[in-house]
Every structure is written in structure tokens, then in C-alpha cells.
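A.B. asks: Before I ask anything, let me first share the structure, which is written out below as C-alpha cells.
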Amino acid sequence: MYKVLVVDDSAFMRQLIKSVLESTGKFIVTVAQTPLIALDKVRKFKFDVITIDYEMPYMNGVELIKKIKEITDTKILMVSAYTRPGAYTTFEALSAGAFDYILKPSSDEEIEEFKYELIKKLTAVCEEFKVEEVSKTQEITTAVENKILLEESVIERARTAKVIGIGISTGGPPILEKMFKSLKQDFPIPILVVQHMPPNFTKPFADRLASITSKCIKEASDKEEIKSGCIYIAKGGYHLAVEDINGKLCTRVLDLEKIKSHKPSADILFSSIAEACGRASIGIVMTGMGSDGSDGILEMRKKGALTIAQDEKSCVVFGMPKAAIEKGAIELILSPDQIVELLNRI
């Protein structure tokens, strides 16, 4: 049984989250209606995960996350409003230490989706940290061995890339923030990113990354020529693909059905890169639940592209990299720092 603390000043939300989680038989739920009560409980008891609302008396959710992180390293899930202002506060929460967020339901229809996402996210993060120590040891060894593989032949292959594709989900925003800040200012190869996010969140996310890194980072638009050194974030609610139009690589923003429950989908991005660029590309699959990206990045590897997965130790959830590795789609397993080291040597 996993122990969860629910912090919310709404009696409806406290009861909703409590009843949903307890109905699974996997969770024991404690509730706190104010941040001050929550801090008292965190000091007295150990929890596997904490859910936190943003708008609360005495202090907001971001301030509470920072105070909790001074006491414990317990995983925190932010309960966010489905609005553009809600997106900005969500990214503050992720930077403060939340591992992920979930959108607060605003209608009866959204409650069922909320229940499904809540159970999925909390189960995944709780189970991730019950991994046996021997598995972690084996993974660390693999990552160290791959650092040795960052020899000149790998760097030379990377230098031939016309484009880099990244597929990432749970735990992604803080990692991308850190990576893009560490990427050299004159990095020449364009990067396309599928970060699983709802429509109102991707533009604020791209704007935030651009302001923090002082790099060309933007939400992708349709049929835009892909420029050297720019980073394009897939638009929430649409797929992002690459297409060769009259000899120029361009973005495509596609309103197609979901792939593996995702829109945008990393599979769509990776498959299009395999088709448009072949071996002259790099595919990177990073932290996230499920298996999105595993089929597309396998296509890239079959075409001769350099394919990379984030290592288990640095992932919030190892699902997406693990699925790609198990398919035989991955050539290198690296930490985010090692990925940046590789890219900065191009």
C-alpha cells in the first residue's frame, strides 16, 4: 500500500482524490485542507507521494512545494488549472520540484479522465521507486559503459545529423530546461521536441524555455522551414512531423488521431524523421510513462540514425526509454548530462 497526502482547500477535490485512490486498493490517503496542516503532517509522517493544489490560503502550491522539499524528497504531483495562467504556475511548480502535474476537472465529462490520469500517474511513480537495488546497479553500469562509447566515431556520426528528435513525457519539463540551458549557444542542429502536454501548455512552455535559455525556442507551426539551431516544441493537441518540401526540411502540424493515447506522439515525429532524413538524424527518447516513441525510434535506427535513450537512474519514470530499449531500437543509454556532453562536442 502506498501512502498519499492530498493537500487541497476544496472539500470536493479532497474527497474526489481520496475516493478515487482508495477504490484501487493500492493507496492509503491522508488529507490536509491547508498548507500549514500539510507541513505538520509531512514533519510527522512519511508519504510516498503528495498531491498539491495551487490556490490555497496562507501560501500557494509552489511555495508549499519548496517548503516540503526542505523537509523531504517525497514525490509531488501538482493539481493544475486547465488555463494558460495555470500553465505558467505549473511550470513554476515543476521547477520547484514537482515530478508532474494533473489537470483539475472542470466538467462531469472531465472527471472520468481525471480519475484515470490520477491513478496512472501515482501508480507509475510509486512503482518506479520500488525497483530492486540490483536493477539500479545494472543500469548504472550500462550508463558508465556508454560514456566510453562517446568516442570520435560517434561524434562524427552525430555531426552529419540534419535534425534531432526528442520524445519525452513525465518529468520532462525540468530536464529539458536544464539540458537546453547547458547546450552551447551556437549549437547548429535543429531540435524537434514532443513533450506530452495539453493545448494551453505548449506555447507557455516554449516561451519559458526561450526566456530562460536565450535560445531560439518556439511552439511549432505548420509548414515552417526548419532553421539551424532552433528548437521546436510540438503543439498540444496536434502531432508534429518533419517533411521534405521542395528540398527543404519543414515542420508539419497534423490533426490526426491519437497514437498510443497521445497527441502529440513521439512515434509520429520519429517516423517522419526516419522518412525525411534517414541516417542523417538523431533520435532521443526520455523519461515518461508507456511506450510512445519506441516504434518510431526503431524505424530511425533501421535507417541508420543515431538513437539514444535516457538512463533509468535519471528518469522520473523509465517506461518510454525501457520500451525502446526492449525493442532493440537504442544504440546508446545516457544520462541527460551525457546527452548534452555529446551534443556540445558536435
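Scheme for the C-alpha cells: letters A, B, ... for chains in order shown; per-chain residue numbers from 1; ligand numbers from 1 in order shown.
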Write down as a ChimeraX atom specification the residues belonging to region 72-118 of chain A that are assigned strand (DSSP E or B) by DSSP computed on the backbone.

C.D. replies: /A:75-80,100-103

A.B. asks: Name all residues at most 10 Å from region 119-130 of chain A (count only C-alpha atoms; drop same-chain ones fewer than 2 positions away) and give them as an NGL selection string.

C.D. replies: :A and (1-4 or 17 or 20-24 or 26-27 or 48-51 or 75-77 or 99-102 or 114-117 or 132-133 or 170 or 288-290 or 312 or 315-319)

A.B. asks: Please produce a file of those selected residues containing N, CA and C atoms, as a tab-separated table (two decimals), in the first residue's frame.

C.D. replies:
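To be explicit, this is the file written out as again20.tsv:
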```tsv
chain	number	residue	atom	x	y	z
A	1	MET	N	0.85	-1.20	0.00
A	1	MET	CA	0.00	0.00	0.00
A	1	MET	C	0.88	1.25	0.00
A	2	TYR	N	0.55	2.19	-0.86
A	2	TYR	CA	1.30	3.44	-0.95
A	2	TYR	C	0.56	4.52	-0.15
A	3	LYS	N	1.34	5.36	0.55
A	3	LYS	CA	0.76	6.40	1.38
A	3	LYS	C	0.77	7.74	0.64
A	4	VAL	N	-0.41	8.35	0.55
A	4	VAL	CA	-0.58	9.59	-0.21
A	4	VAL	C	-1.13	10.68	0.71
A	17	ILE	N	-10.27	12.92	-4.87
A	17	ILE	CA	-8.96	12.27	-4.97
A	17	ILE	C	-8.86	11.10	-3.99
A	20	VAL	N	-11.11	8.12	-5.23
A	20	VAL	CA	-10.56	7.50	-6.44
A	20	VAL	C	-9.37	6.61	-6.09
A	21	LEU	N	-8.45	7.13	-5.30
A	21	LEU	CA	-7.24	6.38	-4.98
A	21	LEU	C	-7.54	5.17	-4.08
A	22	GLU	N	-8.39	5.37	-3.09
A	22	GLU	CA	-8.69	4.28	-2.16
A	22	GLU	C	-9.48	3.16	-2.84
A	23	SER	N	-10.22	3.50	-3.90
A	23	SER	CA	-11.00	2.48	-4.62
A	23	SER	C	-10.12	1.45	-5.32
A	24	THR	N	-8.85	1.80	-5.55
A	24	THR	CA	-7.93	0.88	-6.23
A	24	THR	C	-7.38	-0.19	-5.29
A	26	LYS	N	-4.75	0.24	-3.62
A	26	LYS	CA	-3.29	0.40	-3.63
A	26	LYS	C	-2.82	1.52	-2.70
A	27	PHE	N	-3.74	2.41	-2.32
A	27	PHE	CA	-3.33	3.64	-1.64
A	27	PHE	C	-4.04	3.84	-0.30
A	48	ASP	N	4.55	8.41	0.33
A	48	ASP	CA	5.17	8.03	-0.94
A	48	ASP	C	4.98	9.12	-1.99
A	49	VAL	N	3.86	9.83	-1.92
A	49	VAL	CA	3.59	10.89	-2.89
A	49	VAL	C	2.60	11.88	-2.26
A	50	ILE	N	2.68	13.15	-2.70
A	50	ILE	CA	1.80	14.21	-2.20
A	50	ILE	C	1.17	14.91	-3.40
A	51	THR	N	-0.15	15.14	-3.35
A	51	THR	CA	-0.80	15.95	-4.39
A	51	THR	C	-1.10	17.32	-3.79
A	75	LYS	N	7.85	12.52	-3.57
A	75	LYS	CA	7.39	12.94	-4.88
A	75	LYS	C	6.10	13.76	-4.77
A	76	ILE	N	6.01	14.82	-5.58
A	76	ILE	CA	4.87	15.74	-5.50
A	76	ILE	C	4.20	15.86	-6.86
A	77	LEU	N	2.88	15.72	-6.90
A	77	LEU	CA	2.07	15.89	-8.10
A	77	LEU	C	1.26	17.17	-7.96
A	99	PHE	N	7.12	16.39	-9.63
A	99	PHE	CA	7.55	15.47	-10.69
A	99	PHE	C	6.62	15.54	-11.90
A	100	ASP	N	5.38	15.97	-11.70
A	100	ASP	CA	4.42	16.04	-12.80
A	100	ASP	C	3.21	16.83	-12.33
A	101	TYR	N	2.22	16.96	-13.23
A	101	TYR	CA	1.00	17.68	-12.90
A	101	TYR	C	-0.19	16.92	-13.47
A	102	ILE	N	-1.36	17.24	-12.95
A	102	ILE	CA	-2.60	16.69	-13.49
A	102	ILE	C	-3.60	17.83	-13.58
A	114	PHE	N	-9.84	12.57	-15.40
A	114	PHE	CA	-9.05	12.92	-14.23
A	114	PHE	C	-8.78	11.68	-13.37
A	115	LYS	N	-9.79	10.88	-13.14
A	115	LYS	CA	-9.63	9.66	-12.34
A	115	LYS	C	-8.60	8.73	-12.96
A	116	TYR	N	-8.73	8.54	-14.28
A	116	TYR	CA	-7.81	7.64	-15.00
A	116	TYR	C	-6.37	8.14	-14.91
A	117	GLU	N	-6.17	9.43	-15.17
A	117	GLU	CA	-4.82	10.00	-15.16
A	117	GLU	C	-4.22	9.99	-13.76
A	132	GLU	N	14.02	-2.88	-7.54
A	132	GLU	CA	15.05	-3.52	-6.72
A	132	GLU	C	16.42	-2.87	-6.97
A	133	GLU	N	17.22	-2.81	-5.92
A	133	GLU	CA	18.53	-2.15	-5.98
A	133	GLU	C	19.44	-2.79	-7.02
A	170	THR	N	6.50	12.33	-18.68
A	170	THR	CA	6.51	12.57	-17.23
A	170	THR	C	7.91	12.96	-16.74
A	288	GLY	N	9.30	9.07	-19.15
A	288	GLY	CA	7.87	9.10	-19.42
A	288	GLY	C	7.22	7.75	-19.25
A	289	MET	N	5.91	7.76	-19.02
A	289	MET	CA	5.14	6.53	-18.88
A	289	MET	C	4.80	5.95	-20.25
A	290	GLY	N	4.59	4.63	-20.29
A	290	GLY	CA	4.12	3.99	-21.51
A	290	GLY	C	5.23	3.68	-22.50
A	312	GLU	N	18.03	4.84	-16.72
A	312	GLU	CA	16.99	4.61	-15.73
A	312	GLU	C	17.16	5.47	-14.49
A	315	CYS	N	15.68	9.00	-14.83
A	315	CYS	CA	14.29	9.13	-15.25
A	315	CYS	C	13.35	9.23	-14.04
A	316	VAL	N	12.32	10.05	-14.16
A	316	VAL	CA	11.24	10.03	-13.18
A	316	VAL	C	10.45	8.74	-13.35
A	317	VAL	N	10.14	8.40	-14.61
A	317	VAL	CA	9.52	7.12	-14.95
A	317	VAL	C	10.26	6.56	-16.16
A	318	PHE	N	10.70	5.32	-16.07
A	318	PHE	CA	11.58	4.71	-17.08
A	318	PHE	C	10.80	4.06	-18.23
A	319	GLY	N	9.48	4.20	-18.25
A	319	GLY	CA	8.65	3.47	-19.21
A	319	GLY	C	9.02	3.66	-20.67
```

A.B. asks: Pick out the residues sitting within 8 Å of Gly172 (chain A), and hand them over as a list in words; count only C-alpha atoms, and ignore anything fewer than 2 positions along from it in its own chain.

C.D. replies: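 Within the cut-off, the hits are Ile168, Ser169, Thr170, Pro174, Ile175, Leu176, Gln195, Met286, Thr287 and Gly288 of chain A.
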
A.B. asks: Which of region 210-281 of chain A end up as helix (DSSP H, G or I) when DSSP is run on this backbone - answer as a short mmCIF file (atom, residue, chain, number, x, y, z; two decimals) with N, CA and C atoms, in the first residue's frame?

C.D. replies:
```cif
data_model
loop_
_atom_site.label_atom_id
_atom_site.label_comp_id
_atom_site.auth_asym_id
_atom_site.auth_seq_id
_atom_site.Cartn_x
_atom_site.Cartn_y
_atom_site.Cartn_z
N ALA A 210 12.53 29.63 -23.90
CA ALA A 210 13.23 30.67 -24.66
C ALA A 210 13.77 31.76 -23.74
N SER A 211 12.96 32.16 -22.75
CA SER A 211 13.38 33.24 -21.85
C SER A 211 14.50 32.79 -20.92
N ILE A 212 14.47 31.54 -20.50
CA ILE A 212 15.47 31.02 -19.57
C ILE A 212 16.81 30.75 -20.26
N THR A 213 16.74 30.29 -21.51
CA THR A 213 17.96 29.85 -22.20
C THR A 213 18.52 30.87 -23.18
N ALA A 266 5.37 10.94 -29.99
CA ALA A 266 6.78 10.83 -30.38
C ALA A 266 6.95 9.84 -31.54
N ASP A 267 6.08 8.83 -31.62
CA ASP A 267 6.16 7.88 -32.73
C ASP A 267 6.01 8.58 -34.07
N ILE A 268 5.04 9.50 -34.16
CA ILE A 268 4.82 10.25 -35.40
C ILE A 268 6.07 11.06 -35.76
N LEU A 269 6.62 11.76 -34.78
CA LEU A 269 7.81 12.58 -35.03
C LEU A 269 8.97 11.72 -35.50
N PHE A 270 9.29 10.66 -34.75
CA PHE A 270 10.43 9.81 -35.09
C PHE A 270 10.25 9.15 -36.46
N SER A 271 9.05 8.66 -36.76
CA SER A 271 8.80 8.02 -38.06
C SER A 271 9.02 8.99 -39.21
N SER A 272 8.56 10.23 -39.02
CA SER A 272 8.72 11.23 -40.09
C SER A 272 10.18 11.60 -40.28
N ILE A 273 10.95 11.64 -39.19
CA ILE A 273 12.38 11.93 -39.30
C ILE A 273 13.09 10.81 -40.02
N ALA A 274 12.72 9.56 -39.71
CA ALA A 274 13.31 8.41 -40.40
C ALA A 274 13.07 8.51 -41.90
N GLU A 275 11.85 8.91 -42.28
CA GLU A 275 11.49 9.00 -43.70
C GLU A 275 12.20 10.17 -44.38
N ALA A 276 12.25 11.32 -43.71
CA ALA A 276 12.79 12.54 -44.35
C ALA A 276 14.31 12.61 -44.31
N CYS A 277 14.93 12.06 -43.25
CA CYS A 277 16.37 12.27 -43.05
C CYS A 277 17.20 10.99 -43.01
#
```

A.B. asks: Skipping near chain neighbours, those fewer than 5 positions away, what residues fall within 7 Å of Ala96 (chain A) using only C-alpha atoms, listed as an NGL selection string?

C.D. replies: :A and (62 or 65-66)

A.B. asks: Taking all heavy atoms for each residue, export the selection above as a compact mmCIF listing (two decimals), in the first residue's frame.

C.D. replies:
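Okay, out_38.txt is ready:
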```txt
# COMPACT_ATOMS: atom_id res chain seq x y z
N VAL A 62 3.14 26.43 -5.10
CA VAL A 62 4.58 26.47 -5.41
C VAL A 62 5.39 26.74 -4.14
O VAL A 62 6.42 26.10 -3.90
CB VAL A 62 4.88 27.54 -6.48
CG1 VAL A 62 6.39 27.68 -6.68
CG2 VAL A 62 4.21 27.16 -7.81
N ILE A 65 5.45 23.56 -2.12
CA ILE A 65 6.39 22.57 -2.68
C ILE A 65 7.81 22.86 -2.19
O ILE A 65 8.54 21.96 -1.77
CB ILE A 65 6.33 22.57 -4.22
CG1 ILE A 65 5.01 21.97 -4.70
CG2 ILE A 65 7.51 21.78 -4.81
CD1 ILE A 65 4.76 22.13 -6.19
N LYS A 66 8.20 24.12 -2.25
CA LYS A 66 9.56 24.50 -1.83
C LYS A 66 9.79 24.17 -0.36
O LYS A 66 10.86 23.67 0.02
CB LYS A 66 9.81 25.98 -2.10
CG LYS A 66 9.87 26.34 -3.58
CD LYS A 66 10.01 27.83 -3.79
CE LYS A 66 10.06 28.18 -5.27
NZ LYS A 66 10.13 29.64 -5.50
```

A.B. asks: So the first atom is CA of Phe91 (chain A) and the second is CA of Asn200 (chain A); what is the distance between them in Å, to one decimal place?

C.D. replies: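 That distance, rounded to one decimal, is 12.4 Å.
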
A.B. asks: Hey, which of A:Glu331, A:Asp244, A:Asp255, A:Glu299 ends up closest to Lys162 (chain A)? Count only C-alpha atoms.

C.D. replies: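 Ranked by minimum distance to Lys162 (chain A), first place goes to A:Asp244.
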
A.B. asks: Skipping near chain neighbours, those fewer than 4 positions away, what residues fall within 9 Å of Leu192 (chain A) using only C-alpha atoms, listed as a list in words?

C.D. replies: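 Skipping anything fewer than 4 positions along the chain leaves Val163, Ile164, Gly165, Ile166, Gly167, Ala220, Cys230, Ile231, Tyr232, Ile233, Ala234, Leu240, Ala241, Val242, Thr251 and Leu269 of chain A.
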
A.B. asks: Please measure the separation of CA of Ser281 (chain A) and CA of Lys223 (chain A), giving the value in Å to one decimal.

C.D. replies: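 Taking CA of Ser281 (chain A) and CA of Lys223 (chain A), their separation equals 19.4 Å.
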
A.B. asks: Restricting the calculation to only C-alpha atoms, which member of A:Pro199, A:Pro105, A:Pro35, A:Gly237 is positioned closest to Met56 (chain A)?

C.D. replies: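 Using only C-alpha atoms, the shortest distance to Met56 (chain A) belongs to A:Pro35.
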
A.B. asks: Name the closest residue to Val340 (chain A) among the candidates A:Cys250, A:Ile52, A:Met59, A:Ile308; distances are taken between atoms, counting only C-alpha atoms.

C.D. replies: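 Of all the options, A:Ile308 lies closest to Val340 (chain A).
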
A.B. asks: Which of these residues is nearest to Asp207 (chain A), using only C-alpha atoms: A:Pro173, A:Ala32, A:Phe45, A:Glu219?

C.D. replies: A:Glu219

A.B. asks: Out of A:Val194, A:Thr90, A:Asn60, A:Leu5, which residue has the shortest atom-to-atom distance to Thr74 (chain A) when counting only C-alpha atoms?

C.D. replies: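 Ranking A:Val194, A:Thr90, A:Asn60, A:Leu5 by distance to Thr74 (chain A), first place goes to A:Leu5.
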
A.B. asks: When distances are computed from only C-alpha atoms, which of A:Ala98, A:Val31, A:Ile259, A:Cys216 shows the smallest separation from Asp292 (chain A)?

C.D. replies: A:Ile259

A.B. asks: What is the CA of Asp186 (chain A)-CA of Arg208 (chain A) distance in Å, reported with one decimal?

C.D. replies: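 Between CA of Asp186 (chain A) and CA of Arg208 (chain A) the gap works out to 19.4 Å.
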